[in-house]
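Notes follow the structure.
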Amino acid sequence: MSQPYAITPDDVVRASHTIRGHVLRTPLVPAPRLSELTGARVLVKHENMQATGAFKERGAVNRLSALTPDERRRGVVAMSAGNHAQAVAYHARRLGIPATIVMPATTPLVKVENTRAHGATVVLEGETLVESAAAVDRLVAAHGFVLVHPYDDPLVMAGQGTIALEMLEDAPDLDCLVVPIGGGGLMSGIAVGASLRPRVALYGVEAALYPSFLNAIDGVDRPIGGPTLAEGIAVKTVGRLTLPIIRDRVREIVLVDEPQIERAVHDYATLQRSLAEGAGAAGLAALLARPDLFAGRTVGLVLCGGNIDARLLASVMVRELERADRIISFRMTASDRPGVLGQVAGRLGDLGANILEVSHGRLHLDVPAKSVSIDVTIETRGPGHTAEILQTLREEGLEPRRIGPLGTAATGG
């Protein structure tokens, strides 16, 4: 590598020795069902199996292990709204180092409590990580804490790069690695680690709402911001140390939209039997978004984190069933007479539908005064079964109309 980057392959190799015994050497698992889905031969690096559920432990341990005795006594500080916070807190307690974590005031309570449970002092300040960073600067000045940056630190970057060494050792025939990009610590570390095998192509993945690196590399100003399932890579500012490596070493950055991220979370759960948070699933989302890039190739995906809220996961799973026409909602109109609801329910049962929810009303103005509207949500075997049920109901005069989740009439079949 000709450029004077912040880290070298030797730094990544040293990091691999430093973190050995402190973090799990996660398995690289063949994924035959994901391979069938994408047309590539897919292997998945399960970093969601780390003690805190994400890859961040590697960089945290490598950084903490380099502290001098005086720095250990003074303690460390980090800013994070999630996985980095938990990784620093967890390993700082293991190593006997006081840790203070600054988190935005808007951080979900469960993440705050998980970080406190690892023994760290949590400071809630600012609405964003940028505002939290200002609080970190004040704490460093006031108490002499050592900053453990989430991505723009050579030791952190080298620690994350150990993932590449393990993947290429376990599967020397990998053609490419597909890696999510937030601040760039993971991607830059892997890029340097993988440079020991120059033929391996590197692809980065960003959420379409946060194309920070693609903007920086292309010199354009795509809009940045908005609610994303991949909050772990929702970063507005690129790393100063990570950008040059990613610019030079990553062949292409793929943007993935929210439905693709949701589908990837769903597919990891149902096809790979593994939990992935939005950012963790971004690599698979890239294969779904751009199958032309990966068809026929041996692809290593980094499932970099599995810390997804249970309610959010449930919502994603149901939304995917709706997209696949496995769960549908529709409205029917029938004569307002005793027993009609039972008759409709019985008919749906005869047709093989599983009724999830049903309600009826007489006050919709688009329904005649002597009629009743019946809103039904059912589970079916798939699109063909759904079409068969709706057609049968039409033939029987019930005129089903698809409706959205809030009861608004939808167009089409």
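By order in the structure tokens, chains are A, B, ...; within a chain, residues start at 1; ligands start at 1, following the order shown.
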Any chance you could list, as a VMD selection string, the residues in segment 19-180 of chain A that come up alpha helix (DSSP H) when DSSP is run on the backbone? chain A and resid 19 32 to 38 56 to 65 69 to 74 83 to 94 109 to 117 129 to 143 154 to 170
Shell of 6 Å around segment 319-334 of chain A, only C-alpha atoms, local chain residues under 3 positions omitted, as a ChimeraX atom specification: /A:316,371-380,382-383,398-403
May I ask for the distance between atom CA of Thr270 of chain A and atom CA of Asn307 of chain A, given in Å to one decimal place?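 These atoms are spaced 16.6 Å apart.
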Please identify all polymer residues within 6 Å of segment 21-33 of chain A, counting only C-alpha atoms, omitting same-chain residues fewer than 6 positions from it, and present them as an mmCIF file with all heavy atoms, in the first residue's frame.
data_model
loop_
_atom_site.group_PDB
_atom_site.id
_atom_site.type_symbol
_atom_site.label_atom_id
_atom_site.label_comp_id
_atom_site.auth_asym_id
_atom_site.auth_seq_id
_atom_site.Cartn_x
_atom_site.Cartn_y
_atom_site.Cartn_z
ATOM 1 N N VAL A 42 -22.779 -17.247 -0.535
ATOM 2 C CA VAL A 42 -22.707 -16.318 0.584
ATOM 3 C C VAL A 42 -22.183 -17.013 1.836
ATOM 4 O O VAL A 42 -22.638 -18.108 2.196
ATOM 5 C CB VAL A 42 -24.089 -15.705 0.878
ATOM 6 C CG1 VAL A 42 -24.017 -14.764 2.081
ATOM 7 C CG2 VAL A 42 -24.617 -14.979 -0.345
ATOM 8 N N LEU A 43 -21.225 -16.359 2.492
ATOM 9 C CA LEU A 43 -20.765 -16.770 3.817
ATOM 10 C C LEU A 43 -20.926 -15.577 4.754
ATOM 11 O O LEU A 43 -20.665 -14.433 4.369
ATOM 12 C CB LEU A 43 -19.300 -17.219 3.793
ATOM 13 C CG LEU A 43 -18.993 -18.491 2.991
ATOM 14 C CD1 LEU A 43 -18.650 -18.142 1.554
ATOM 15 C CD2 LEU A 43 -17.837 -19.264 3.631
ATOM 16 N N VAL A 44 -21.361 -15.838 5.976
ATOM 17 C CA VAL A 44 -21.696 -14.772 6.916
ATOM 18 C C VAL A 44 -20.781 -14.826 8.138
ATOM 19 O O VAL A 44 -20.667 -15.868 8.800
ATOM 20 C CB VAL A 44 -23.166 -14.868 7.373
ATOM 21 C CG1 VAL A 44 -23.492 -13.776 8.386
ATOM 22 C CG2 VAL A 44 -24.101 -14.775 6.170
ATOM 23 N N LYS A 45 -20.139 -13.704 8.432
ATOM 24 C CA LYS A 45 -19.320 -13.541 9.636
ATOM 25 C C LYS A 45 -20.232 -13.035 10.749
ATOM 26 O O LYS A 45 -20.732 -11.910 10.710
ATOM 27 C CB LYS A 45 -18.200 -12.538 9.357
ATOM 28 C CG LYS A 45 -17.248 -12.282 10.522
ATOM 29 C CD LYS A 45 -16.397 -13.467 10.860
ATOM 30 C CE LYS A 45 -15.226 -13.071 11.775
ATOM 31 N NZ LYS A 45 -14.531 -14.259 12.316
ATOM 32 N N HIS A 46 -20.454 -13.849 11.769
ATOM 33 C CA HIS A 46 -21.470 -13.582 12.786
ATOM 34 C C HIS A 46 -20.917 -12.776 13.964
ATOM 35 O O HIS A 46 -20.773 -13.285 15.077
ATOM 36 C CB HIS A 46 -22.081 -14.891 13.267
ATOM 37 C CG HIS A 46 -23.081 -15.469 12.316
ATOM 38 N ND1 HIS A 46 -24.426 -15.243 12.417
ATOM 39 C CD2 HIS A 46 -22.925 -16.236 11.203
ATOM 40 C CE1 HIS A 46 -25.069 -15.860 11.442
ATOM 41 N NE2 HIS A 46 -24.168 -16.473 10.683
ATOM 42 N N GLN A 50 -20.808 -11.653 19.511
ATOM 43 C CA GLN A 50 -19.952 -11.079 20.550
ATOM 44 C C GLN A 50 -20.761 -10.832 21.827
ATOM 45 O O GLN A 50 -21.991 -10.749 21.800
ATOM 46 C CB GLN A 50 -19.332 -9.773 20.060
ATOM 47 C CG GLN A 50 -18.408 -9.894 18.867
ATOM 48 C CD GLN A 50 -17.107 -10.636 19.171
ATOM 49 O OE1 GLN A 50 -16.806 -10.980 20.314
ATOM 50 N NE2 GLN A 50 -16.324 -10.888 18.120
ATOM 51 N N LEU A 271 -34.179 -17.004 7.135
ATOM 52 C CA LEU A 271 -33.381 -17.885 6.287
ATOM 53 C C LEU A 271 -32.061 -18.301 6.923
ATOM 54 O O LEU A 271 -31.561 -19.405 6.666
ATOM 55 C CB LEU A 271 -33.102 -17.215 4.940
ATOM 56 C CG LEU A 271 -34.335 -16.794 4.126
ATOM 57 C CD1 LEU A 271 -33.918 -16.179 2.800
ATOM 58 C CD2 LEU A 271 -35.267 -17.977 3.896
#
Run DSSP on the backbone and grab whatever in segment 198-247 of chain A lands in strand (DSSP E); send it over as a list in words.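 Checking each residue of segment 198-247 of chain A, the strand (DSSP E) ones are Ala201, Leu202, Tyr203, Gly204, Val205, Glu206 and Ala207 of chain A.
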Distance atom CA of Ala286 of chain A-atom CA of Ser80 of chain A, one decimal place?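 That distance, rounded to one decimal, is 25.4 Å.
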One decimal, in Å: what's the spacing between atom CA of Leu348 of chain A and atom CA of Met317 of chain A?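 Separating atom CA of Leu348 of chain A from atom CA of Met317 of chain A is a distance of 23.4 Å.
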Test item: residues at most 10 Å from segment 206-221 of chain A, only C-alpha atoms, excluding those fewer than 4 positions along its chain, as number ranges by chain: A: 179-184, 225-239, 242-244, 246-248, 252-258, 260-261, 278-279, 282-283, 285-286
Which residues are close to Glu166 of chain A, i.e. within 10 Å by only C-alpha atoms, leaving aside same-chain residues fewer than 2 positions away? Reply as a list in words.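 Counting only C-alpha atoms, the residues come to Ser16, Arg25, Thr26, Pro27, Leu28, Lys45, Gly161, Thr162, Ile163, Ala164, Leu168, Glu169, Asp170, Ala171, Pro172, Gly193 and Ala194 of chain A.
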Take the residues from that selection and put them in a file with N, CA, C and O atoms, as a short mmCIF file (atom, residue, chain, number, x, y, z; two decimals), in the first residue's frame.
data_model
loop_
_atom_site.label_atom_id
_atom_site.label_comp_id
_atom_site.auth_asym_id
_atom_site.auth_seq_id
_atom_site.Cartn_x
_atom_site.Cartn_y
_atom_site.Cartn_z
N SER A 16 -4.70 -8.39 16.18
CA SER A 16 -5.27 -9.74 16.29
C SER A 16 -4.66 -10.50 17.46
O SER A 16 -5.35 -11.29 18.12
N ARG A 25 -13.73 -15.24 18.65
CA ARG A 25 -13.39 -15.43 17.23
C ARG A 25 -14.64 -15.99 16.57
O ARG A 25 -14.87 -17.20 16.60
N THR A 26 -15.42 -15.13 16.01
CA THR A 26 -16.75 -15.52 15.54
C THR A 26 -16.67 -16.40 14.31
O THR A 26 -15.74 -16.31 13.51
N PRO A 27 -17.66 -17.27 14.14
CA PRO A 27 -17.63 -18.19 12.99
C PRO A 27 -18.01 -17.50 11.69
O PRO A 27 -18.79 -16.54 11.67
N LEU A 28 -17.43 -18.01 10.61
CA LEU A 28 -17.82 -17.63 9.26
C LEU A 28 -18.64 -18.79 8.72
O LEU A 28 -18.11 -19.87 8.47
N LYS A 45 -20.14 -13.70 8.43
CA LYS A 45 -19.32 -13.54 9.64
C LYS A 45 -20.23 -13.03 10.75
O LYS A 45 -20.73 -11.91 10.71
N GLY A 161 -10.26 -4.27 11.95
CA GLY A 161 -9.70 -4.94 10.78
C GLY A 161 -9.37 -6.40 10.99
O GLY A 161 -9.20 -7.14 10.01
N THR A 162 -9.33 -6.85 12.25
CA THR A 162 -9.05 -8.27 12.52
C THR A 162 -10.14 -9.16 11.95
O THR A 162 -9.91 -10.35 11.71
N ILE A 163 -11.31 -8.61 11.71
CA ILE A 163 -12.39 -9.40 11.08
C ILE A 163 -11.95 -9.90 9.72
O ILE A 163 -12.20 -11.06 9.35
N ALA A 164 -11.26 -9.06 8.95
CA ALA A 164 -10.80 -9.46 7.62
C ALA A 164 -9.81 -10.61 7.70
O ALA A 164 -9.86 -11.57 6.91
N LEU A 168 -10.58 -14.22 5.86
CA LEU A 168 -9.73 -14.70 4.77
C LEU A 168 -8.96 -15.95 5.18
O LEU A 168 -8.59 -16.76 4.31
N GLU A 169 -8.73 -16.13 6.46
CA GLU A 169 -8.10 -17.37 6.93
C GLU A 169 -9.09 -18.52 6.84
O GLU A 169 -8.74 -19.63 6.44
N ASP A 170 -10.36 -18.26 7.20
CA ASP A 170 -11.36 -19.32 7.20
C ASP A 170 -11.85 -19.66 5.79
O ASP A 170 -12.29 -20.79 5.54
N ALA A 171 -11.82 -18.68 4.88
CA ALA A 171 -12.31 -18.90 3.52
C ALA A 171 -11.38 -18.21 2.53
O ALA A 171 -11.67 -17.11 2.05
N PRO A 172 -10.25 -18.82 2.21
CA PRO A 172 -9.27 -18.17 1.32
C PRO A 172 -9.81 -17.91 -0.08
O PRO A 172 -9.22 -17.10 -0.82
N GLY A 193 -6.72 -4.71 6.46
CA GLY A 193 -6.46 -6.12 6.74
C GLY A 193 -6.55 -6.97 5.48
O GLY A 193 -5.73 -7.88 5.27
N ALA A 194 -7.51 -6.69 4.61
CA ALA A 194 -7.69 -7.47 3.39
C ALA A 194 -6.65 -7.15 2.34
O ALA A 194 -6.55 -7.87 1.34
#
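Of the listed residues (A:Met49, A:Met103, A:Ile19, A:Ala142), A:Met103 comes nearest to Leu129 of chain A; the distances count only C-alpha atoms.
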